[in-house]
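Enquirer: Pasting entry.cif below, which is mmCIF, C-alpha atoms.
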data_run
loop_
_atom_site.label_atom_id
_atom_site.label_comp_id
_atom_site.auth_asym_id
_atom_site.auth_seq_id
_atom_site.Cartn_x
_atom_site.Cartn_y
_atom_site.Cartn_z
CA MET O 165 116.22 -44.43 179.23
CA GLY O 166 115.02 -41.59 181.43
CA TYR O 167 113.05 -41.05 184.60
CA LYS O 168 109.38 -40.92 185.49
CA VAL O 169 109.13 -37.61 187.36
CA VAL O 170 106.33 -35.99 189.35
CA VAL O 171 106.16 -32.26 190.12
CA VAL O 172 103.86 -31.67 193.08
CA GLY O 173 102.43 -28.16 193.42
CA ALA O 174 102.95 -27.53 189.72
CA THR O 175 100.74 -24.43 189.58
CA GLY O 176 102.65 -22.48 192.27
CA ASN O 177 105.65 -20.18 191.79
CA VAL O 178 108.22 -22.83 192.73
CA GLY O 179 106.44 -25.69 190.97
CA ARG O 180 106.33 -23.78 187.68
CA GLU O 181 109.99 -22.89 188.10
CA MET O 182 110.82 -26.58 188.68
CA LEU O 183 109.14 -27.44 185.37
CA ASN O 184 111.04 -24.65 183.59
CA ILE O 185 114.39 -25.77 184.98
CA LEU O 186 113.82 -29.47 184.28
CA ALA O 187 113.23 -28.46 180.65
CA GLU O 188 116.09 -25.93 180.49
CA ARG O 189 118.64 -28.39 181.87
CA GLN O 190 117.29 -31.19 179.65
CA PHE O 191 116.73 -33.50 182.58
CA PRO O 192 116.23 -37.04 181.21
CA VAL O 193 112.44 -37.33 181.61
CA ASP O 194 110.57 -40.27 180.10
CA GLU O 195 107.26 -39.27 181.62
CA LEU O 196 106.19 -36.28 183.71
CA ALA O 197 103.11 -35.77 185.89
CA ALA O 198 102.09 -32.34 187.17
CA LEU O 199 100.05 -32.56 190.38
CA ALA O 200 97.99 -29.90 192.13
CA SER O 201 95.17 -29.59 194.63
CA ARG O 202 91.58 -30.09 193.50
CA ARG O 203 90.97 -26.34 193.28
CA SER O 204 93.68 -26.14 190.59
CA LEU O 205 92.68 -29.35 188.86
CA GLY O 206 92.99 -29.12 185.08
CA THR O 207 95.05 -25.94 185.14
CA GLU O 208 97.55 -26.02 182.29
CA VAL O 209 101.27 -25.74 182.96
CA SER O 210 104.23 -25.63 180.58
CA PHE O 211 107.07 -28.10 180.36
CA GLY O 212 109.41 -27.02 177.58
CA ASP O 213 107.32 -26.94 174.40
CA LYS O 214 104.66 -29.18 175.95
CA THR O 215 101.50 -28.21 177.79
CA LEU O 216 100.35 -30.44 180.64
CA ASN O 217 97.05 -30.62 182.48
CA THR O 218 97.43 -30.90 186.25
CA GLN O 219 96.23 -34.05 187.97
CA ASP O 220 94.57 -34.45 191.36
CA ILE O 221 97.15 -35.25 194.02
CA GLU O 222 94.47 -36.98 196.12
CA GLN O 223 93.83 -39.61 193.44
CA PHE O 224 97.37 -40.06 192.12
CA ASP O 225 98.91 -43.54 191.99
CA TRP O 226 102.58 -43.27 193.00
CA ALA O 227 103.56 -46.79 191.94
CA GLY O 228 106.23 -46.93 189.24
CA TRP O 229 107.38 -43.31 189.51
CA ASP O 230 111.10 -42.66 190.13
CA MET O 231 111.15 -39.30 191.88
CA ALA O 232 108.82 -36.51 192.97
CA LEU O 233 109.74 -32.86 193.42
CA PHE O 234 107.42 -31.45 196.11
CA ALA O 235 106.60 -27.73 196.18
CA ILE O 236 103.64 -27.62 198.55
CA GLY O 237 103.31 -26.64 202.20
CA SER O 238 104.32 -28.81 205.14
CA ASP O 239 100.75 -29.83 206.01
CA ALA O 240 100.04 -31.31 202.57
CA THR O 241 103.54 -32.76 202.34
CA LYS O 242 102.99 -34.61 205.62
CA ILE O 243 100.04 -36.41 204.01
CA HIS O 244 101.41 -37.17 200.54
CA ALA O 245 105.20 -37.51 200.83
CA PRO O 246 105.07 -40.73 202.93
CA LYS O 247 102.66 -42.26 200.38
CA ALA O 248 105.05 -41.50 197.53
CA ALA O 249 108.08 -42.72 199.48
CA LYS O 250 106.36 -45.95 200.51
CA ALA O 251 105.52 -46.65 196.85
CA GLY O 252 109.23 -46.40 195.95
CA CYS O 253 109.17 -42.87 194.56
CA VAL O 254 112.03 -40.78 196.00
CA VAL O 255 110.69 -37.49 197.40
CA ILE O 256 112.69 -34.25 197.06
CA ASP O 257 110.84 -31.92 199.39
CA ASN O 258 110.99 -28.12 199.31
CA SER O 259 109.01 -27.58 202.53
CA SER O 260 110.54 -27.34 206.00
CA LEU O 261 108.87 -30.56 207.19
CA TYR O 262 111.84 -32.95 206.94
CA ARG O 263 114.83 -30.58 207.05
CA TYR O 264 115.66 -31.29 210.68
CA ASP O 265 114.88 -35.02 210.62
CA ALA O 266 118.08 -36.94 211.39
CA ASP O 267 117.04 -39.68 208.95
CA VAL O 268 116.53 -37.27 206.03
CA PRO O 269 119.53 -35.73 204.23
CA LEU O 270 119.45 -31.95 203.74
CA ILE O 271 121.36 -31.28 200.55
CA VAL O 272 122.94 -28.48 198.58
CA PRO O 273 124.76 -30.36 195.79
CA GLU O 274 127.72 -27.95 195.64
CA VAL O 275 128.25 -28.36 199.40
CA ASN O 276 127.42 -31.88 200.64
CA PRO O 277 126.70 -34.17 197.65
CA GLU O 278 127.92 -37.21 199.59
CA ALA O 279 124.77 -36.99 201.77
CA ILE O 280 122.68 -38.25 198.83
CA HIS O 281 123.42 -41.84 199.86
CA ASP O 282 121.48 -41.36 203.10
CA TYR O 283 118.18 -40.92 201.23
CA SER O 284 117.19 -44.57 201.58
CA LYS O 285 116.35 -44.35 205.30
CA LYS O 286 112.99 -42.73 204.46
CA ASN O 287 113.16 -42.37 200.65
CA ILE O 288 113.01 -38.61 201.25
CA ILE O 289 115.54 -35.80 200.61
CA ALA O 290 115.06 -32.28 201.97
CA ASN O 291 115.72 -29.02 200.15
CA PRO O 292 117.02 -26.24 202.44
CA ASN O 293 115.56 -22.85 203.18
CA CYS O 294 116.20 -20.40 200.34
CA SER O 295 118.33 -18.03 202.42
CA THR O 296 120.46 -20.90 203.73
CA ALA O 297 121.04 -22.45 200.30
CA GLN O 298 122.82 -19.49 198.75
CA MET O 299 124.82 -18.76 201.91
CA VAL O 300 126.30 -22.25 202.26
CA VAL O 301 127.28 -22.27 198.58
CA ALA O 302 129.39 -19.19 199.38
CA LEU O 303 130.73 -20.53 202.68
CA LYS O 304 131.75 -24.05 201.58
CA PRO O 305 134.94 -23.26 199.60
CA LEU O 306 136.10 -20.76 202.23
CA HIS O 307 135.44 -23.27 205.01
CA ASP O 308 137.46 -25.91 203.16
CA ARG O 309 140.43 -23.55 203.00
CA ALA O 310 140.40 -21.70 206.35
CA THR O 311 137.77 -23.38 208.63
CA ILE O 312 134.93 -21.01 209.44
CA LYS O 313 134.31 -20.45 213.16
CA ARG O 314 131.49 -17.91 213.12
CA VAL O 315 129.09 -16.30 210.68
CA VAL O 316 127.05 -13.13 211.16
CA VAL O 317 124.49 -12.69 208.39
CA SER O 318 121.82 -10.09 207.65
CA THR O 319 119.39 -11.04 204.89
CA TYR O 320 117.40 -8.85 202.51
CA GLN O 321 114.73 -11.29 201.34
CA SER O 322 112.37 -10.71 198.44
CA VAL O 323 108.61 -11.02 198.70
CA SER O 324 108.53 -14.03 196.35
CA GLY O 325 109.84 -15.98 199.34
CA ALA O 326 106.32 -15.55 200.73
CA GLY O 327 104.73 -16.89 197.53
CA LYS O 328 102.35 -15.32 195.06
CA GLU O 329 100.40 -13.62 197.86
CA GLY O 330 103.54 -11.77 198.95
CA MET O 331 104.27 -10.60 195.40
CA ASP O 332 100.68 -9.49 194.90
CA GLU O 333 100.72 -7.52 198.15
CA LEU O 334 103.84 -5.58 197.18
CA TRP O 335 102.41 -4.85 193.74
CA ASP O 336 98.99 -3.79 195.03
CA GLN O 337 100.39 -1.65 197.87
CA THR O 338 102.83 0.09 195.54
CA LYS O 339 100.02 1.01 193.15
CA ALA O 340 97.81 2.13 196.04
CA ILE O 341 100.43 4.55 197.36
CA TYR O 342 100.29 6.38 194.01
CA ASN O 343 96.50 6.22 193.94
CA PRO O 344 95.14 7.94 197.07
CA THR O 345 91.61 6.63 196.42
CA SER O 346 92.62 3.05 197.25
CA GLU O 347 94.22 1.43 200.27
CA VAL O 348 95.83 -2.00 200.65
CA PRO O 349 96.44 -2.83 204.32
CA PRO O 350 98.98 -5.52 205.28
CA SER O 351 97.63 -9.03 204.90
CA LYS O 352 100.43 -11.46 204.02
CA PHE O 353 102.99 -9.34 205.90
CA THR O 354 102.75 -7.83 209.38
CA LYS O 355 103.43 -4.27 208.19
CA GLN O 356 103.38 -2.35 204.93
CA ILE O 357 105.96 -3.87 202.58
CA ALA O 358 105.86 -1.26 199.81
CA PHE O 359 108.68 1.30 200.31
CA ASN O 360 109.50 -0.36 203.63
CA VAL O 361 111.57 -3.16 205.18
CA ILE O 362 110.27 -5.60 207.79
CA PRO O 363 112.71 -7.27 210.25
CA HIS O 364 110.38 -10.22 210.76
CA ILE O 365 110.08 -13.44 208.72
CA ASP O 366 108.11 -16.40 210.13
CA VAL O 367 107.09 -16.64 213.80
CA PHE O 368 108.95 -15.32 216.85
CA LEU O 369 110.68 -17.80 219.16
CA ASP O 370 111.23 -17.55 222.91
CA ASP O 371 114.76 -16.16 222.59
CA GLY O 372 113.58 -13.24 220.42
CA SER O 373 114.81 -14.67 217.13
CA THR O 374 112.41 -15.62 214.35
CA LYS O 375 112.00 -19.11 212.97
CA GLU O 376 113.59 -17.99 209.68
CA GLU O 377 116.70 -16.96 211.60
CA TRP O 378 116.71 -20.24 213.50
CA LYS O 379 116.43 -22.15 210.22
CA MET O 380 119.60 -20.53 208.90
CA VAL O 381 121.48 -21.55 212.04
CA ALA O 382 120.22 -25.15 212.20
CA GLU O 383 120.49 -25.83 208.46
CA THR O 384 124.01 -24.41 208.10
CA LYS O 385 125.16 -26.72 210.89
CA LYS O 386 123.47 -29.76 209.32
CA ILE O 387 124.67 -29.08 205.76
CA LEU O 388 128.14 -27.66 206.34
CA ASP O 389 129.56 -28.16 209.85
CA LYS O 390 127.84 -28.48 213.23
CA LYS O 391 130.68 -26.55 214.90
CA ILE O 392 130.08 -23.32 212.97
CA LYS O 393 128.42 -20.60 215.06
CA VAL O 394 125.78 -18.65 213.15
CA THR O 395 123.73 -15.60 214.07
CA ALA O 396 121.19 -14.20 211.63
CA THR O 397 118.85 -11.24 211.21
CA CYS O 398 116.30 -11.87 208.46
CA VAL O 399 114.55 -8.94 206.81
CA ARG O 400 111.82 -8.79 204.17
CA VAL O 401 112.42 -6.07 201.56
CA PRO O 402 110.28 -4.65 198.71
CA VAL O 403 111.99 -6.67 195.97
CA PHE O 404 110.01 -9.12 193.84
CA VAL O 405 112.67 -11.80 193.18
CA GLY O 406 116.17 -12.33 194.56
CA HIS O 407 117.51 -12.63 198.10
CA SER O 408 120.57 -10.67 199.20
CA GLU O 409 122.80 -11.30 202.20
CA ALA O 410 125.53 -9.33 203.93
CA ILE O 411 127.80 -12.02 205.40
CA ASN O 412 130.57 -11.55 207.96
CA ILE O 413 132.86 -14.56 208.34
CA GLU O 414 135.42 -15.36 211.03
CA THR O 415 137.89 -18.15 210.21
CA GLU O 416 140.40 -20.14 212.24
CA ASP O 417 143.18 -19.54 209.70
CA PHE O 418 143.96 -16.20 208.11
CA LEU O 419 142.48 -15.84 204.62
CA ASP O 420 143.53 -12.91 202.49
CA GLU O 421 140.70 -11.21 200.56
CA HIS O 422 142.54 -11.75 197.26
CA GLU O 423 142.88 -15.48 197.87
CA ALA O 424 139.24 -15.63 198.99
CA ARG O 425 138.21 -13.97 195.74
CA ASP O 426 140.24 -16.48 193.71
CA ILE O 427 138.79 -19.41 195.68
CA LEU O 428 135.22 -18.23 195.12
CA ARG O 429 135.85 -17.65 191.41
CA GLU O 430 136.78 -21.34 191.05
CA ALA O 431 133.96 -22.70 193.21
CA PRO O 432 130.95 -24.47 191.63
CA GLY O 433 127.73 -22.51 191.37
CA ILE O 434 129.36 -19.14 192.13
CA MET O 435 129.89 -16.08 189.95
CA VAL O 436 132.15 -13.37 191.37
CA ILE O 437 131.36 -9.81 190.25
CA ASP O 438 133.54 -7.64 192.44
CA LYS O 439 134.91 -4.36 191.08
CA ARG O 440 135.49 -1.47 193.43
CA GLU O 441 133.69 1.03 191.27
CA ASP O 442 130.17 2.31 190.70
CA GLY O 443 128.00 -0.67 189.74
CA GLY O 444 130.80 -3.18 190.21
CA TYR O 445 128.58 -5.54 192.22
CA VAL O 446 125.38 -7.54 191.71
CA THR O 447 121.88 -6.65 192.91
CA PRO O 448 118.71 -8.77 192.90
CA VAL O 449 117.44 -7.26 189.65
CA GLU O 450 120.47 -8.61 187.80
CA CYS O 451 120.38 -12.08 189.37
CA ALA O 452 116.69 -12.82 188.68
CA GLY O 453 116.37 -15.74 186.28
CA ASP O 454 119.99 -16.84 186.69
CA TYR O 455 121.31 -20.11 188.10
CA ALA O 456 124.38 -18.69 189.84
CA THR O 457 124.96 -17.46 193.36
CA PHE O 458 126.65 -14.06 192.90
CA ILE O 459 129.34 -12.78 195.24
CA SER O 460 130.47 -9.13 195.47
CA ARG O 461 132.06 -6.71 197.96
CA ILE O 462 134.71 -9.21 199.18
CA ARG O 463 136.90 -7.43 201.72
CA GLN O 464 138.89 -7.95 204.89
CA ASP O 465 137.22 -7.31 208.25
CA SER O 466 139.89 -5.37 210.13
CA THR O 467 138.04 -5.57 213.48
CA ILE O 468 139.08 -9.20 214.03
CA ASP O 469 142.22 -11.21 213.25
CA ASN O 470 140.73 -13.53 210.64
CA GLY O 471 137.65 -11.91 209.17
CA LEU O 472 136.00 -11.38 205.79
CA ASN O 473 132.91 -9.55 204.59
CA LEU O 474 131.00 -10.32 201.42
CA TRP O 475 127.72 -9.63 199.63
CA CYS O 476 125.77 -12.64 198.33
CA VAL O 477 122.82 -12.46 195.91
CA SER O 478 120.76 -15.22 194.30
CA ASP O 479 117.39 -15.85 192.66
CA ASN O 480 115.50 -17.43 195.56
CA LEU O 481 112.97 -19.15 193.30
CA ARG O 482 115.85 -20.81 191.47
CA LYS O 483 118.87 -21.63 193.65
CA GLY O 484 116.84 -21.15 196.79
CA ALA O 485 114.17 -23.61 195.74
CA ALA O 486 113.54 -25.04 192.26
CA LEU O 487 117.09 -25.21 190.89
CA ASN O 488 118.46 -26.83 194.04
CA ALA O 489 115.68 -29.44 193.90
CA VAL O 490 116.48 -30.23 190.25
CA GLN O 491 120.21 -30.40 191.07
CA ILE O 492 119.37 -32.90 193.81
CA ALA O 493 117.36 -34.91 191.24
CA GLU O 494 120.37 -34.84 188.89
CA LEU O 495 122.65 -35.97 191.71
CA LEU O 496 120.24 -38.74 192.69
CA GLY O 497 120.12 -39.98 189.12
CA ARG O 498 123.88 -39.74 188.61
CA GLU O 499 124.98 -41.32 191.91
CA VAL O 500 122.15 -43.69 192.86
CA LEU O 501 119.41 -44.48 190.32
CA LYS O 502 121.66 -44.33 187.23
CA LYS O 503 118.97 -44.55 184.58
CA GLY O 504 119.30 -41.27 182.66
#
Can the structure from this file be put into structure tokens for me?
Expert:
Amino acid sequence: MGYKVVVVGATGNVGREMLNILAERQFPVDELAALASRRSLGTEVSFGDKTLNTQDIEQFDWAGWDMALFAIGSDATKIHAPKAAKAGCVVIDNSSLYRYDADVPLIVPEVNPEAIHDYSKKNIIANPNCSTAQMVVALKPLHDRATIKRVVVSTYQSVSGAGKEGMDELWDQTKAIYNPTSEVPPSKFTKQIAFNVIPHIDVFLDDGSTKEEWKMVAETKKILDKKIKVTATCVRVPVFVGHSEAINIETEDFLDEHEARDILREAPGIMVIDKREDGGYVTPVECAGDYATFISRIRQDSTIDNGLNLWCVSDNLRKGAALNAVQIAELLGREVLKKG
């Protein structure tokens, strides 16, 4: 006996990836509905060896469905998620709408699986920001061993984090640079993204940080430990898929780099590739399409008593979004619904 599952936003990058991962991981699905907006109505999407026609989210009857994986923007989620939840369908939401709601658990299954039992307050579970998800997977086992006090992170975030429009803009601008007869001015991004980096993701806040940077701070505290101090600089880079992060960690207890490497090697969801030689580390090109969060460049920070540096890379469409949502669905089924 399996689950009746809905994928909302099934024609988008993350929605399609959710369908792929549900099939790849052989999630116990009895029935699956793929929902989209009216403009995408009837568009075909793949689920394993099956082809599904998308249904209109406006007309969908949520009664009798077990769980819904939402991959649409906050505005649409605000309309449809409460309807699903009220009908008894547990919502796993990829937008930022519910992440900071005290009555909605924000979950990375490798980090805080126990939070799954708090879902019943609103029948909604939040998926974290893509850059936060991979970072807390790396931080959790180190925090358990040595108690992290402070984190300084600089991100190198791919254009797929901005959706299909971001990927198209990088592609079109790159071609235009080699073809002087055409020009593609910035549209999705604030400056040229091709052959450039942009230290600006989401809107600016009063203190000079961006909302993306604020998200990493707030979400790390909610998922991992409210006492951890976090400062972030988030940068968009001309990479199609895969977010990278340079992470500096200060701990209460001394943690030797060799022990840290051993701890990370044993931690769930992590793959350590860390050789001090040419190519002995992972880049976004190698992580695209993979489930793991990759860790490289683990080394002591000699400028403080208890410090470590590391390089963290992950496929943002997978661990940063679709995979984490499916892992939450697996956790929900295993710990709460117990049907599959």
Enquirer: Skip Glu499 (chain O) itself and residues of its chain fewer than 6 positions away, then list as a CSV table (one decimal) with C-alpha atoms, keeping the file's coordinate frame all residues within 12 Å of it, counting all atoms listed in the file.
Expert:
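Printed below is selection-v7.csv as written:
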chain,number,residue,atom,x,y,z
O,273,PRO,CA,124.8,-30.4,195.8
O,277,PRO,CA,126.7,-34.2,197.6
O,278,GLU,CA,127.9,-37.2,199.6
O,279,ALA,CA,124.8,-37.0,201.8
O,280,ILE,CA,122.7,-38.2,198.8
O,281,HIS,CA,123.4,-41.8,199.9
O,282,ASP,CA,121.5,-41.4,203.1
O,283,TYR,CA,118.2,-40.9,201.2
O,491,GLN,CA,120.2,-30.4,191.1
O,492,ILE,CA,119.4,-32.9,193.8
O,493,ALA,CA,117.4,-34.9,191.2
Enquirer: For Leu233 (chain O), which residue out of O:Ser408, O:Asn291, O:Asn184, O:Ser284 is the nearest one, using only C-alpha atoms?
Expert: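 For Leu233 (chain O), the nearest of the candidates is O:Asn291.
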Enquirer: With all atoms listed in the file as the atoms that count, which of O:Glu208, O:Thr338, O:Ala326, O:Lys393 lies nearest to Ile365 (chain O)?
Expert: O:Ala326
Enquirer: Would you write out, as a VMD selection string, every residue that the PyMOL selection byres ((chain O and resi 380) around 12) captures in this file?
Expert: chain O and resid 260 263 to 264 292 to 300 315 to 319 365 373 to 379 381 to 388 392 to 398 409
Enquirer: So what do you get for CA of Ala310 (chain O) versus CA of Leu472 (chain O), distance-wise?
Expert: 11.2 Å
